[in-house]
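**Q** Next up is a structure, given as structure tokens.
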Amino acid sequence: MLNYRPYLFPFVLFLLQMVFIFLLGFYSQYEYYPISNVTDFENPPRGLVEFYYSMFTDIHVMMFIGFGFLMTFLSHYSYSAIGFNFILCAFTVEWALIMRGFIFDWDASKQKFLIDVESLSTADFVSASILISMGAVLGQVSPLQLILMAFFEVPIQVVNEWIGTHFFCANDAGESMFVHVFGAYFGLAVAFVLFRSNILDSPLEKSRYTSDLFSIIGTMFLFCFWPSFNAGTTHGVERLHAITNTYVSICASVIGAFLMSTIVRKGKLDMVHIQNSTLAGGVAIGTVATSDIGFHGAMIIGTLAGMISVLGFHSLLPKLQRIHVHDTCGVNNLHGMPGLMAAIAGIIIAFFGNRSGYLNHLTDVCLTGGKKRTNNIQSAYQVAALLLTLCMGVVGGLITGSILRLPIFVQKYENFEDEPIWHLPDEGQTDDAGSLNKNLDRRFSVIPTANLNKNLQKRFSIFPA
Amino acid sequence: MLNYRPYLFPFVLFLLQMVFIFLLGFYSQYEYYPISNVTDFENPPRGLVEFYYSMFTDIHVMMFIGFGFLMTFLSHYSYSAIGFNFILCAFTVEWALIMRGFIFDWDASKQKFLIDVESLSTADFVSASILISMGAVLGQVSPLQLILMAFFEVPIQVVNEWIGTHFFCANDAGESMFVHVFGAYFGLAVAFVLFRSNILDSPLEKSRYTSDLFSIIGTMFLFCFWPSFNAGTTHGVERLHAITNTYVSICASVIGAFLMSTIVRKGKLDMVHIQNSTLAGGVAIGTVATSDIGFHGAMIIGTLAGMISVLGFHSLLPKLQRIHVHDTCGVNNLHGMPGLMAAIAGIIIAFFGNRSGYLNHLTDVCLTGGKKRTNNIQSAYQVAALLLTLCMGVVGGLITGSILRLPIFVQKYENFEDEPIWHLPDEGQTDDAGSLNKNLDRRFSVIPTANLNKNLQKRFSIFPA
Amino acid sequence: MLNYRPYLFPFVLFLLQMVFIFLLGFYSQYEYYPISNVTDFENPPRGLVEFYYSMFTDIHVMMFIGFGFLMTFLSHYSYSAIGFNFILCAFTVEWALIMRGFIFDWDASKQKFLIDVESLSTADFVSASILISMGAVLGQVSPLQLILMAFFEVPIQVVNEWIGTHFFCANDAGESMFVHVFGAYFGLAVAFVLFRSNILDSPLEKSRYTSDLFSIIGTMFLFCFWPSFNAGTTHGVERLHAITNTYVSICASVIGAFLMSTIVRKGKLDMVHIQNSTLAGGVAIGTVATSDIGFHGAMIIGTLAGMISVLGFHSLLPKLQRIHVHDTCGVNNLHGMPGLMAAIAGIIIAFFGNRSGYLNHLTDVCLTGGKKRTNNIQSAYQVAALLLTLCMGVVGGLITGSILRLPIFVQKYENFEDEPIWHLPDEGQTDDAGSLNKNLDRRFSVIPTANLNKNLQKRFSIFPA
């Protein structure tokens with residue numbers, strides 16, 4: 001009997017790709033604005049190539065290389081990390097182009113949505129959300145489940161952001177709420193639903209020297225281009241604020257992460273903290289990045305974010321496992337909590353209308369006061385946007401997780417292991433001590449292995465029985 | 001007796017470098033156009049720094065990091081892959097600056113050719129062609145042979161592109177014909193001439209876990225910056241088309257590659273496809289990237305390219321070996337066939353004059369109709385440019401390969417192995433199981449190895465005889 | 001008794017971070033210049049986002065990824081290399097923002113210094129100096145010592161550059177004197193003071209196949225973005241000169257390095273040369289990068305720099321050890337000597353006033369002639385700037401080194417080893433042959449190891465006694 005399960009993944013991909021071709025083909029069109037018609041470069045037309053393209057490529061690198069390599073830290077799951085990040089991100093940007101097109105950029109007169117460089121950048125922002133969720137469930141799900149997760153998560157993310165920005169008129173310059181908080185708690189909710197006890201203490205959930213070095217490639221690119229992420233669709237003085245605030249804040253979080261890592265790990269450094277918590281300043285500054293918060297503001301937010309993120313990895317991560325949330329990449333510590341910090345900073349800065357600049361972003365679309373909102377009302381709407389995001393993230397994640405648990409989608413993959421999913425090189429999965437023995441076993445069957453505990457076997461089998 | 005052979009490589013390099021210094025020194029000059037004189041940014045002056053520089057650096061990264069790391073996948077040949085890519089690319093950009101200067105940018109009144117940011121970008125395009133050819137013969141030739149290949153290939157590539165663009169007035173926005181098709185079939189022709197039967201089934205022609213991860217660094221940078229490659233010298237609405245079409249098409253080819261990989265490999269993924277075929281959409285959209293093909297067009301081209309490229313790796317690669325073409329990196333599948341797809345798309349789109357925009361590119365230089373060409377005539381010229389490119393590539397490659405086979409240039413290097421070319425670290429060539437044993441042998445000679453099949457020895461020697 | 005020493009590092013970081021928050025918070029402010037007010041883009045306002053940002057991100061990548069990965073070549077010290085580069089660079093940019101703010105950009109009327117994209121770029125330039133010094137002492141100092149070194153080095157670097165540019169009005173476009181020469185000789189002076197004889201012939205001071213590949217990631221990004229480094233704060237025709245000269249010169253140094261490496265290493269290539277000397281052309285062109293030196297000038301400088309740098313690695317490095325300067329990364333060969341070449345080129349080109357363009361940079365600030373300087377006087381001032389830089393670097397390094405030797409700062413770390421500083425993955429420090437055995441030992445204690453020479457033990461212990 002043919003086992004149809006492995007072919008569900010390409011079948012679903014093919015089906016959805018056909019749908020996307022149809023939707024993009026019928027409903028989208030190029031949006032070109034001639035640079036020679038631009039009169040005011042402080043308020044340039046949306047998505048002007050000359051103005052936004054170099055930031056867009058930075059953001060693109062963050063998604064595919066930054067997130068992709070950051071997740072390669074697992075010793076036996078690096079192919080899957082970089083590979084699934086690749087397909088998931090490519091899938092998401094297609095789907096996000098369409099969903100954001102219909103919801104944000106629909107031109108009723110032409111019955112089309114428009115595509116320009118801003119569409120490409122915001123599609124990457126949406127994919128950031130989905131990749132963060134992937135981080136929470138890394139190694140616990142099949143590629144098919146990831147694609148389905150993205151399929152459900154994208155519309156929820158887009159609708160949430162649309163309500164937050166168009167209905168509440170909340171400010172979230174660097175998308176710390178709509179991307180980071182949403183993605184993190186959506187992912188954690190999915191992880192909660194998919195939790196299986198055999199995931200705890202898996203011998204494969206560990207890094208090795210080389211995989212940690214690949215991982216920090218991702219860290220470094222995320223670090224370097226984070227100013228572009230937070231400034232990616234801004235202009236005028238807000239652009240300068242976003243760049244300089246983010247630069248200062250994320251440097252400060254490097255300091256915060258290193259010093260707290262040395263403290264909690266008793267005088268030694270922990271690579272997990274260096275790979276992740278150093279970036280918390282980029283998340284935690286997000287919502288207020290375009291505001292006039294002063295460099296002491298940026299420094300304090302960044303330093304605190306780095307420290308809190310390390311504390312999260314050290315103390316909170318194990319506690320979350322006890323309530324059946326296995327957060328593989330620690331997205332709660334890099335995106336969840338620093339995102340909440342950003343949201344709170346956004347609530348506070350809204351009290352200072354002149355510093356937050358929220359008035360510039362109010363439009364007639366916003367109900368309940370619209371352009372004449374007071375500071376206090378704006379703060380309240382910032383709170384509302386945060387609560388909505390948390391709610392949409394958690395509920396959306398619980399529902400999506402329940403769908404992913406349907407028997408048809410569950411595949412008997414081992415956790416944190418490439419082998420069931422990839423054709424690996426002859427040497428076996430890794431070059432390290434463990435796999436050396438494993439390979440030798442495989443090739444020569446010198447030692448009967450059937451009845452040994454698999455992990456012990458790996459370690460011991462180098463010695464002739 | 002002194003063995004002069006190892007010193008041929010530095011001697012040739014030195015000699016050619018002297019020639020290049022002379023030619024660049026006497027015949028080139030800076031071409032500066034003050035940005036304050038620019039009146040129409042939709043038609044900016046050639047190579048304007050402010051307009052083109054950030055795309056140039058993207059292209060530069062694609063050449064040195066993208067191509068360089070993509071080729072590091074061989075387990076015992078990673079130093080050579082990244083190292084030879086480095087020297088070959090640096091050599092080629094110097095040589096291409098000169099050749100394109102004399103052929104494309106010669107200013108007869110000054111008796112000089114001009115150098116600006118566009119010169120730097122197009123020199124990188126030429127080097128793409130040469131690096132693609134290098135991919136076909138990777139591990140089969142010495143560094144000296146690579147340098148000589150570049151020395152002969154550069155003028156042929158430049159002349160071919162000059163005829164194609166100035167005589168035929170063919171449109172090839174992303175250089176899919178002039179760079180990808182040319183480079184691929186030139187390289188395959190060289191591989192055919194240099195074919196030796198002992199190259200088949202070399203035990204060293206394989207990847208390992210770590211080398212595959214280095215390789216995908218290259219994939220990711222090529223992916224992220226491909227829009228800059230296709231849009232690198234364009235402006236106005238064509239620039240927007242090139243960016244958005246390429247973004248959509250290359251994402252689509254990721255989907256196509258993943259789904260087809262799972263199918264042909266029976267439910268598992270193959271890293272070779274993920275490293276290469278995911279990029280086929282960037283190549284296949286090239287010729288028509290600046291045209292108004294619609295996003296369904298870009299999606300369909302990308303998806304098909306990804307699928308066809310995987311099929312090529314799976315089915316065609318072994319067949320090519322049987323006719324004595326050993327294509328190490330599978331450039332036929334990533335550059336050759338997707339390049340042909342692009343050329344065909346270019347022929348088709350030319351029938352739709354308004355969509356292809358070919359009229360904007362016609363100049364008085366073009367014979368046979370010139371600016372008044374009809375759609376059909378333009379299509380015919382696109383066909384002519386493709387045929388010329390194939391012909392120049394294959395014949396040029398056969399001749400160049402024959403020169404490289406001259407006894408003086410052939411060095412007794414083993415295939416796919418760094419050791420004869422590099423001083424390697426003490427640990428030996430790799431950290432993997434194979435080399436561990438090999439090293440131990442080397443150091444302690446515990447086991448007599450002389451009469452054992454080398455490969456078997458590598459595998460077995462860990463067990464005391 | 002509590003061992004306070006490991007906590008000195010986070011304590012000092014915390015203390016200095018508090019000071020930085022205070023200084024940045026009270027004395028800095030955003031400097032925004034609206035692009036719509038710009039009338040002359042050939043002389044754009046300082047740090048204009050739209051004009052400088054994409055070059056700034058390139059420079060940022062060079063610091064964190066370029067320098068960071070370049071130093072990962074040591075087989076057992078890769079975590080420390082990339083990690084300490086990260087913290088040191090983040091620390092330095094904060095500190096440099098402040099020091100350059102007070103010394104270069106102080107606005108007495110506002111009692112503030114201004115922060116814009118140029119501030120971010122120049123802070124990165126300062127950090128380049130400190131990272132070069134780190135290269136000289138890599139593996140010989142603790143993270144605490146590195147932070148303290150940066151704390152003392154930054155003000156000296158800034159003062160030296162201020163005197164050089166504002167008092168001597170020396171031209172140093174790509175900062176080859178103020179950054180490269182200063183950083184290299186400062187670092188070598190520190191290395192001299194900290195020299196301990198047990199550092200020689202450490203069995204851990206070696207690379208392995210994988211660590212060399214990580215290292216060359218750094219090389220490649222430094223190579224690709226070096227034109228942005230040399231052109232990062234220029235505009236007008238000087239920007240074009242800087243980009244094209246650097247592109248040509250650094251390509252030429254790739255050729256020079258490969259050919260000289262093959263010669264001195266008797267027909268084989270040495271990865272150390274390829275990682276480092278290929279970049280010497282970027283350093284050696286620095287001082288004159290913005291000048292009209294012609295492409296033969298750029299080619300000759302680059303080719304020579306690549307060759308000399310290889311000779312330095314091959315011949316000078318061992319000699320320096322004999323006079324008690326252990327230069328771990330060979331910064332004398334990549335930054336020191338090529339920097340001196342650049343300074344000499346700057347002295348020579350100053351004789352040709354029209355080509356060096358020094359008159360454009362003279363201001364009323366410069367004493368002794370100021371705007372009316374002759375060519376000869378300018379050359380003399382270039383000499384003065386070089387001598388001052390050498391003097392400040394060496395004396396500053398000697399004093400700083402003496403402080404770092406104070407008993408309170410010396411920690412008993414082994415040289416070139418991550419293990420005392422990092423929590424490492426279970427597999428032990430590396431995946432290579434050596435650590436395999438080490439791990440097995442650790443886990444099973446098969447072999448009594450106490451009395452064996454540690455290194456021998458590592459190599460032999462795979463064989464049951």
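Going by the structure tokens order, chains are called A, B, ..., each with residues numbered from 1, while ligands are numbered from 1 in the order shown.
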Residues at most 9 Å from stretch 36-49 of chain A, counting only C-alpha atoms, excluding those fewer than 6 positions away in the same chain, as an MDAnalysis selection string?
**A** (chainID A and resid 115:121 233 235:237) or (chainID B and resid 39:42 239:240 243) or (chainID C and resid 34:36)
**Q** Could the residues in this selection be saved with C-alpha atoms as a PDB file, in the first residue's frame?
**A**
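File written: part-v7.pdb
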```pdb
ATOM      1  CA  ILE A 115       2.453  46.087  -5.158  1.00  0.00           C
ATOM      2  CA  ASP A 116       5.505  48.234  -4.549  1.00  0.00           C
ATOM      3  CA  VAL A 117       8.640  48.066  -2.408  1.00  0.00           C
ATOM      4  CA  GLU A 118       6.591  48.761   0.736  1.00  0.00           C
ATOM      5  CA  SER A 119       4.445  45.712  -0.018  1.00  0.00           C
ATOM      6  CA  LEU A 120       7.593  43.605  -0.207  1.00  0.00           C
ATOM      7  CA  SER A 121       8.854  45.010   3.114  1.00  0.00           C
ATOM      8  CA  THR A 233       8.721  52.193   6.269  1.00  0.00           C
ATOM      9  CA  HIS A 235      10.546  58.865   6.617  1.00  0.00           C
ATOM     10  CA  GLY A 236      11.499  62.338   7.771  1.00  0.00           C
ATOM     11  CA  VAL A 237      12.631  62.867  11.342  1.00  0.00           C
TER      12      VAL A 237
ATOM     13  CA  THR B  39      17.537  66.858 -13.746  1.00  0.00           C
ATOM     14  CA  ASP B  40      15.606  63.681 -14.384  1.00  0.00           C
ATOM     15  CA  PHE B  41      16.054  60.902 -11.847  1.00  0.00           C
ATOM     16  CA  GLU B  42      13.912  58.617 -13.932  1.00  0.00           C
ATOM     17  CA  ARG B 239      13.484  49.043 -11.947  1.00  0.00           C
ATOM     18  CA  LEU B 240      10.260  48.503 -10.037  1.00  0.00           C
ATOM     19  CA  ILE B 243      12.575  44.159  -8.215  1.00  0.00           C
TER      20      ILE B 243
ATOM     21  CA  PRO C  34      15.343  67.719   6.460  1.00  0.00           C
ATOM     22  CA  ILE C  35      16.177  66.333   3.047  1.00  0.00           C
ATOM     23  CA  SER C  36      13.720  68.787   1.508  1.00  0.00           C
TER      24      SER C  36
END
```
**Q** Would you mind listing, as JSON, numbers by chain, all residues of chain A that have at least one atom within 8 Å of chain C, where only C-alpha atoms are what counts?
**A** {"A": [40, 41, 42, 51, 54, 55, 206, 207, 208, 209, 210, 213, 217, 220, 221, 224, 225, 236, 237, 240, 241, 244, 248, 251, 252, 254, 255, 256, 258, 259, 260, 262, 263, 266, 267, 268, 269, 270, 271, 274, 294, 295, 296, 297, 299, 300, 431, 432, 433]}
**Q** Generate the output file for the selected residues, C-alpha atoms, as a JSON list (two decimals), in the first residue's frame.
**A**
```json
[["chain", "number", "residue", "atom", "x", "y", "z"],
["A", 40, "ASP", "CA", 8.68, 66.48, -0.97],
["A", 41, "PHE", "CA", 11.22, 63.83, -0.02],
["A", 42, "GLU", "CA", 10.31, 64.22, 3.61],
["A", 51, "PHE", "CA", 14.04, 55.76, -0.84],
["A", 54, "SER", "CA", 18.20, 49.44, 0.51],
["A", 55, "MET", "CA", 16.32, 49.08, 3.79],
["A", 206, "LYS", "CA", 21.26, 20.40, 22.40],
["A", 207, "SER", "CA", 23.73, 22.39, 20.41],
["A", 208, "ARG", "CA", 27.28, 21.63, 19.42],
["A", 209, "TYR", "CA", 30.26, 23.88, 18.90],
["A", 210, "THR", "CA", 29.79, 24.20, 15.15],
["A", 213, "LEU", "CA", 28.66, 29.20, 15.36],
["A", 217, "ILE", "CA", 25.69, 34.20, 11.94],
["A", 220, "MET", "CA", 24.92, 39.12, 13.79],
["A", 221, "PHE", "CA", 22.82, 39.91, 10.75],
["A", 224, "CYS", "CA", 23.36, 44.81, 12.17],
["A", 225, "PHE", "CA", 20.16, 45.35, 10.22],
["A", 236, "GLY", "CA", 11.50, 62.34, 7.77],
["A", 237, "VAL", "CA", 12.63, 62.87, 11.34],
["A", 240, "LEU", "CA", 16.39, 59.35, 11.97],
["A", 241, "HIS", "CA", 14.88, 58.59, 15.38],
["A", 244, "THR", "CA", 19.63, 56.10, 16.04],
["A", 248, "VAL", "CA", 21.82, 52.66, 20.68],
["A", 251, "CYS", "CA", 24.06, 47.96, 21.56],
["A", 252, "ALA", "CA", 22.88, 48.51, 25.13],
["A", 254, "VAL", "CA", 24.40, 43.49, 24.16],
["A", 255, "ILE", "CA", 25.94, 44.94, 27.32],
["A", 256, "GLY", "CA", 22.90, 43.94, 29.38],
["A", 258, "PHE", "CA", 26.65, 39.82, 28.60],
["A", 259, "LEU", "CA", 26.65, 41.13, 32.14],
["A", 260, "MET", "CA", 23.53, 39.25, 33.19],
["A", 262, "THR", "CA", 27.93, 36.14, 33.52],
["A", 263, "ILE", "CA", 25.96, 36.68, 36.71],
["A", 266, "LYS", "CA", 28.23, 32.11, 37.81],
["A", 267, "GLY", "CA", 31.09, 33.79, 36.04],
["A", 268, "LYS", "CA", 30.90, 32.03, 32.70],
["A", 269, "LEU", "CA", 29.09, 33.05, 29.56],
["A", 270, "ASP", "CA", 26.26, 31.07, 27.97],
["A", 271, "MET", "CA", 26.10, 31.06, 24.17],
["A", 274, "ILE", "CA", 24.65, 35.75, 23.50],
["A", 294, "GLY", "CA", 16.19, 60.61, 24.08],
["A", 295, "PHE", "CA", 19.26, 58.42, 24.06],
["A", 296, "HIS", "CA", 19.07, 57.78, 27.78],
["A", 297, "GLY", "CA", 15.62, 56.35, 27.06],
["A", 299, "MET", "CA", 19.95, 53.05, 26.54],
["A", 300, "ILE", "CA", 17.78, 52.18, 29.52],
["A", 431, "ASP", "CA", 30.57, 15.15, 12.26],
["A", 432, "ASP", "CA", 30.66, 14.87, 15.99],
["A", 433, "ALA", "CA", 31.63, 11.99, 18.17]]
```
**Q** Excluding A:Ile349 and its own-chain neighbours fewer than 3 positions away, which residues fall within 9 Å of it when counting only C-alpha atoms? Please give them as a ChimeraX atom specification.
**A** /A:288,291,293,344-346,352-353,355-356,379
**Q** Step one, run DSSP on the backbone; step two, keep only residues of stretch 92-132 of chain A assigned to strand (DSSP E); then write them as a ChimeraX atom specification.
**A** /A:106-107,112-115
**Q** Please produce a file of the residues just selected, as a short mmCIF file (atom, residue, chain, number, x, y, z; two decimals), in the first residue's frame, where the atoms kept are N, CA, C and O atoms.
**A**
```cif
data_model
loop_
_atom_site.label_atom_id
_atom_site.label_comp_id
_atom_site.auth_asym_id
_atom_site.auth_seq_id
_atom_site.Cartn_x
_atom_site.Cartn_y
_atom_site.Cartn_z
N TRP A 106 -6.26 47.54 -0.78
CA TRP A 106 -7.24 47.29 -1.84
C TRP A 106 -7.69 48.61 -2.48
O TRP A 106 -8.08 49.54 -1.78
N ASP A 107 -7.60 48.65 -3.78
CA ASP A 107 -8.06 49.82 -4.51
C ASP A 107 -9.39 49.46 -5.16
O ASP A 107 -9.44 48.78 -6.19
N LYS A 112 -8.16 46.08 -7.71
CA LYS A 112 -6.81 45.50 -7.62
C LYS A 112 -6.18 45.97 -6.31
O LYS A 112 -6.55 47.02 -5.77
N PHE A 113 -5.20 45.22 -5.83
CA PHE A 113 -4.32 45.80 -4.81
C PHE A 113 -2.97 46.07 -5.47
O PHE A 113 -2.63 45.45 -6.49
N LEU A 114 -2.24 46.99 -4.88
CA LEU A 114 -1.04 47.50 -5.51
C LEU A 114 0.20 46.89 -4.87
O LEU A 114 0.23 46.67 -3.65
N ILE A 115 1.21 46.67 -5.68
CA ILE A 115 2.45 46.09 -5.16
C ILE A 115 3.61 47.01 -5.46
O ILE A 115 3.84 47.39 -6.62
#
```
**Q** Could you check the closest approach to C:Leu387 for each of C:Phe67, C:Tyr52, C:Tyr77, C:Phe178 and tell me which residue wins, using only C-alpha atoms?
**A**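 So, comparing all the options, the nearest one is C:Phe178.
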**Q** Record the distance separating atom CA of A:Ala280 and atom CA of A:Ser176, expressed in Å with one decimal.
**A**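 Pair atom CA of A:Ala280 / atom CA of A:Ser176 returns 10.8 Å.
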**Q** Within stretch 50-113 of chain A, find each residue whose DSSP state, derived from the backbone, is helix (DSSP H, G or I), and express the selection as an MDAnalysis selection string.
**A** chainID A and resid 50:73 78:103
**Q** Output C-alpha atoms for every residue in that selection, as a PDB file, in the first residue's frame.
**A**
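Contents of the output file selection.pdb:
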```pdb
ATOM      1  CA  GLU A  50      15.079  54.968  -4.385  1.00  0.00           C
ATOM      2  CA  PHE A  51      14.036  55.760  -0.839  1.00  0.00           C
ATOM      3  CA  TYR A  52      13.198  52.367   0.615  1.00  0.00           C
ATOM      4  CA  TYR A  53      14.914  49.652  -1.385  1.00  0.00           C
ATOM      5  CA  SER A  54      18.203  49.441   0.511  1.00  0.00           C
ATOM      6  CA  MET A  55      16.316  49.083   3.789  1.00  0.00           C
ATOM      7  CA  PHE A  56      14.095  46.463   2.242  1.00  0.00           C
ATOM      8  CA  THR A  57      17.081  44.279   1.316  1.00  0.00           C
ATOM      9  CA  ASP A  58      18.343  44.595   4.892  1.00  0.00           C
ATOM     10  CA  ILE A  59      14.987  43.357   6.176  1.00  0.00           C
ATOM     11  CA  HIS A  60      14.983  40.572   3.610  1.00  0.00           C
ATOM     12  CA  VAL A  61      18.394  39.432   4.864  1.00  0.00           C
ATOM     13  CA  MET A  62      17.097  39.478   8.448  1.00  0.00           C
ATOM     14  CA  MET A  63      14.264  37.109   7.530  1.00  0.00           C
ATOM     15  CA  PHE A  64      16.085  34.567   5.409  1.00  0.00           C
ATOM     16  CA  ILE A  65      19.591  34.704   6.875  1.00  0.00           C
ATOM     17  CA  GLY A  66      19.001  36.218  10.315  1.00  0.00           C
ATOM     18  CA  PHE A  67      16.125  34.062  11.457  1.00  0.00           C
ATOM     19  CA  GLY A  68      17.266  31.131   9.335  1.00  0.00           C
ATOM     20  CA  PHE A  69      20.713  30.756  10.813  1.00  0.00           C
ATOM     21  CA  LEU A  70      19.687  31.774  14.317  1.00  0.00           C
ATOM     22  CA  MET A  71      17.613  28.583  14.443  1.00  0.00           C
ATOM     23  CA  THR A  72      20.396  26.249  13.278  1.00  0.00           C
ATOM     24  CA  PHE A  73      21.726  25.851  16.806  1.00  0.00           C
ATOM     25  CA  SER A  78      20.343  22.419  11.331  1.00  0.00           C
ATOM     26  CA  TYR A  79      19.185  21.357   7.862  1.00  0.00           C
ATOM     27  CA  SER A  80      15.596  21.560   8.990  1.00  0.00           C
ATOM     28  CA  ALA A  81      16.074  24.889  10.727  1.00  0.00           C
ATOM     29  CA  ILE A  82      17.547  26.671   7.740  1.00  0.00           C
ATOM     30  CA  GLY A  83      15.474  24.742   5.216  1.00  0.00           C
ATOM     31  CA  PHE A  84      12.081  25.161   6.863  1.00  0.00           C
ATOM     32  CA  ASN A  85      12.820  28.803   7.574  1.00  0.00           C
ATOM     33  CA  PHE A  86      13.455  29.152   3.839  1.00  0.00           C
ATOM     34  CA  ILE A  87      10.265  27.507   2.571  1.00  0.00           C
ATOM     35  CA  LEU A  88       8.146  28.993   5.347  1.00  0.00           C
ATOM     36  CA  CYS A  89       9.383  32.498   4.688  1.00  0.00           C
ATOM     37  CA  ALA A  90       8.975  32.225   0.914  1.00  0.00           C
ATOM     38  CA  PHE A  91       5.490  30.798   1.377  1.00  0.00           C
ATOM     39  CA  THR A  92       4.579  33.502   3.863  1.00  0.00           C
ATOM     40  CA  VAL A  93       5.695  36.447   1.771  1.00  0.00           C
ATOM     41  CA  GLU A  94       3.543  35.229  -1.111  1.00  0.00           C
ATOM     42  CA  TRP A  95       0.550  34.735   1.132  1.00  0.00           C
ATOM     43  CA  ALA A  96       1.180  37.992   2.996  1.00  0.00           C
ATOM     44  CA  LEU A  97       1.449  39.965  -0.242  1.00  0.00           C
ATOM     45  CA  ILE A  98      -2.052  38.718  -1.033  1.00  0.00           C
ATOM     46  CA  MET A  99      -3.636  39.071   2.421  1.00  0.00           C
ATOM     47  CA  ARG A 100      -2.176  42.522   3.051  1.00  0.00           C
ATOM     48  CA  GLY A 101      -3.127  43.440  -0.472  1.00  0.00           C
ATOM     49  CA  PHE A 102      -6.771  42.635   0.082  1.00  0.00           C
ATOM     50  CA  ILE A 103      -6.975  44.038   3.609  1.00  0.00           C
TER      51      ILE A 103
END
```
**Q** Show which residues sit within 10 Å of C:Val193, as a PyMOL selection string. Count only C-alpha atoms, and ignore same-chain residues fewer than 2 positions away.
**A** chain C and resi 188-191+195-196+324-325+397-405
**Q** So that I can see what lies close to C:Asn415, please list as a ChimeraX atom specification the residues with an atom at most 10 Å from it, counting only C-alpha atoms and leaving out residues fewer than 3 positions away in the same chain.
**A** /C:76-77,138-142,198-199,202-205,412,418,420
